[in-house]
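J.: Got a structure here, written out as structure tokens. Questions coming.
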Number of protein chains: 2
Amino acid sequence: MNEEQKNAKEWFFNLRNDLVNTLEIIEGKKFNFKDWSHSGSGGGTMGSIKGKIIEKGGVNISTVSGEFSDKMRSRIPGTEESAKYWATGISVVIHPFSPLIPSMHFNSRYLKTNKSWFGGGVDITPATPFEEETKNFHNKLKSTCDMHDNSYYEKHKKWCDDYFFLKHRNEARGVGGVFFDYIDTGDYKSDFAYTSSIGSFFLEYVKYIFDKYSKEKWTDNDKRLQMVKRGRYVEFNLLYDRGTKFGLETGGNTEAILMSMPPLASWD
Amino acid sequence: MNEEQKNAKEWFFNLRNDLVNTLEIIEGKKFNFKDWSHSGSGGGTMGSIKGKIIEKGGVNISTVSGEFSDKMRSRIPGTEESAKYWATGISVVIHPFSPLIPSMHFNSRYLKTNKSWFGGGVDITPATPFEEETKNFHNKLKSTCDMHDNSYYEKHKKWCDDYFFLKHRNEARGVGGVFFDYIDTGDYKSDFAYTSSIGSFFLEYVKYIFDKYSKEKWTDNDKRLQMVKRGRYVEFNLLYDRGTKFGLETGGNTEAILMSMPPLASWD
């Protein structure tokens, strides 16, 4: 591991701890942790919490290495001379019990082949009307992105909108956020700064939104909307999500891959 | 339409009515029906019921014709000279409220290109221990198949077991049944007899199982098992089911395609 790899791995580890501590305080309950090994080398730690405020939350970190299959290799930059890769990352999904608080998703990774780059994103999926808070979310996110590159927010918001879309329903999964990959400007520090800012933004957003809405009353109809929206979330993850598809096809850890599934979902 | 097409279409229509009447008596409530049109020509009728005994049930019939895309055409018998097809069929999924009654699935179709054949199947997905009833189900099913061809049960049971399997969990979706396609012995009457016997078997099984278990008490743990099993059902349908995948990819009717989704499902 070079300094850049160590630095990325350590940041994800620390962010994991910050998120876990934050969510444990919100819920008043501890996480369960479970280690797993990668078929190549390395592995990860799944962290999960189930409670009355956070109905289901998962915080996974992993650092793995191995060789890409021929099929994968053709799609991944920097693999012309060698199929070897090294990757470290974090992946978080929170399904709040209250239908007034959106499901929240964040992930971030640093990948190294003959090239190296950051990828990741953050997005939210509210179930009930959320216009004001959506504006608020995007404004905060834009100002976070703008600190690093004025073009990032627009580009990465569009990427997110295009990606989290259910074609068969002609419907967005949620209200967007940012989604990015192959961030490699040649300046590791600057790329790391952007990626880590998105992580810090997510941590702050989680605190803000639980603090604001955890005690608000909701109706049976709000809950019904949440259940249906979670059904859409399931549809997206199983039909379109490239991480899920790739993970399951390549014999990844099913439990870690499907950690993002909601605790309860419904279909009309 | 030749006599064979008319005959198949009529049988599916009558079976639909028998099933609907049976389920309406079980639930003490009427079905809702909704017609839809096919992008080629023809269309179908979705029937759905939501109640206290049948938490969610769907009975769809359709008769459609059109031309296969090049991609599909290469996989379908009898399309060497023309991509035209005609198809009629029925598709049924029942998710009972009681966790003691399995989810039940049945479908059957008659397809005509330059060749013509029957396809279909029946299978059940119990959530709680069901050994005796599973034996019972398979015994009755075997004797139904044996009336037509002594080789059918073994062959079509294996096809069912191979098909309804969740690779990523190394786990069967349910306890099997039969699954068959391309049934074309050259004797339409005999092939029709087999297909229609499977339909009649399903109708009788539905009556039997609701009558036997609708009033039996179950526990919270039984319900929890059912919710998790339904999650697996969702995973199968979105990750593997060829009807779902084909339907959504080719811009089919999303509501009809996803009628099979359970009303409520959970993930640990």
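Here, A, B, ... name the chains of the structure tokens in the order displayed, residue numbers run from 1 inside each chain, and ligands are numbered from 1 in the same displayed order.
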Which of range 63-214 of chain B counts as strand (DSSP E or B) under DSSP, as a ChimeraX atom specification please?
T.: /B:63-67,84-96,103-112,116-125,165-166,171-172,177-183
J.: Tell me, counting only C-alpha atoms, for each residue of chain B within 8 Å of chain A, which pair of atoms is nearest and how far apart they are in Å to one decimal, in rows ordered by chain and increasing number, as CSV.
T.:
```
residue,atom,partner,partner_atom,distance
B:His168,CA,A:Leu248,CA,5.9
B:Arg169,CA,A:Thr254,CA,7.0
B:Glu235,CA,A:Leu238,CA,6.9
B:Leu238,CA,A:Leu238,CA,5.9
B:Leu239,CA,A:Leu238,CA,5.9
B:Leu248,CA,A:His168,CA,5.9
B:Glu249,CA,A:His168,CA,7.9
B:Gly251,CA,A:His168,CA,7.0
B:Thr254,CA,A:His168,CA,6.3
B:Met261,CA,A:Trp267,CA,6.3
B:Pro262,CA,A:Trp267,CA,6.3
B:Pro263,CA,A:Trp267,CA,4.8
B:Leu264,CA,A:Ser266,CA,4.2
B:Ala265,CA,A:Ala265,CA,5.4
B:Ser266,CA,A:Leu264,CA,4.2
B:Trp267,CA,A:Pro263,CA,4.8
B:Asp268,CA,A:Pro263,CA,6.1
```
J.: Just give me the gap between CA of Asn7 in chain A and CA of His156 in chain A in Å, one decimal is fine.
T.: 24.0 Å
J.: Near range 124-133 of chain B, counting only C-alpha atoms, which residues have an atom at most 6 Å away, once you skip same-chain residues fewer than 3 positions from it, shown as a PyMOL selection string?
T.: chain B and resi 102-104+136-137+174-175+225-226+229
J.: Can you pull out the residues contacting range 80-86 of chain A? Cut-off 7 Å, using only C-alpha atoms, and skip same-chain residues under 6 positions away; I want them as a PyMOL selection string.
T.: chain A and resi 64-68+73+111-113
J.: For Ala8 in chain B, which residue out of B:Phe202, B:Phe210, B:Phe33, B:Tyr110 is the nearest one, using only C-alpha atoms?
T.: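 Closest to Ala8 in chain B, using only C-alpha atoms: B:Tyr110.
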J.: Per residue of range 25-106 of chain A within 12 Å of range 12-15 of chain A, record the nearest atom pair and its distance in Å to one decimal, counting only C-alpha atoms, with rows in chain order and ascending residue number, as JSON lines.
T.:
```
{"residue": "A:Gly44", "atom": "CA", "partner": "A:Phe13", "partner_atom": "CA", "distance": 10.6}
{"residue": "A:Thr45", "atom": "CA", "partner": "A:Phe13", "partner_atom": "CA", "distance": 10.1}
{"residue": "A:Val59", "atom": "CA", "partner": "A:Leu15", "partner_atom": "CA", "distance": 10.0}
{"residue": "A:Asn60", "atom": "CA", "partner": "A:Phe13", "partner_atom": "CA", "distance": 9.7}
{"residue": "A:Ile61", "atom": "CA", "partner": "A:Phe13", "partner_atom": "CA", "distance": 7.1}
{"residue": "A:Ser62", "atom": "CA", "partner": "A:Phe13", "partner_atom": "CA", "distance": 9.0}
{"residue": "A:Thr63", "atom": "CA", "partner": "A:Phe12", "partner_atom": "CA", "distance": 9.8}
{"residue": "A:Ala87", "atom": "CA", "partner": "A:Phe12", "partner_atom": "CA", "distance": 11.5}
{"residue": "A:Thr88", "atom": "CA", "partner": "A:Phe12", "partner_atom": "CA", "distance": 7.9}
{"residue": "A:Gly89", "atom": "CA", "partner": "A:Phe12", "partner_atom": "CA", "distance": 6.3}
{"residue": "A:Ile90", "atom": "CA", "partner": "A:Phe12", "partner_atom": "CA", "distance": 6.0}
{"residue": "A:Ser91", "atom": "CA", "partner": "A:Phe12", "partner_atom": "CA", "distance": 9.5}
{"residue": "A:Val92", "atom": "CA", "partner": "A:Leu15", "partner_atom": "CA", "distance": 10.7}
{"residue": "A:Phe106", "atom": "CA", "partner": "A:Leu15", "partner_atom": "CA", "distance": 11.5}
```
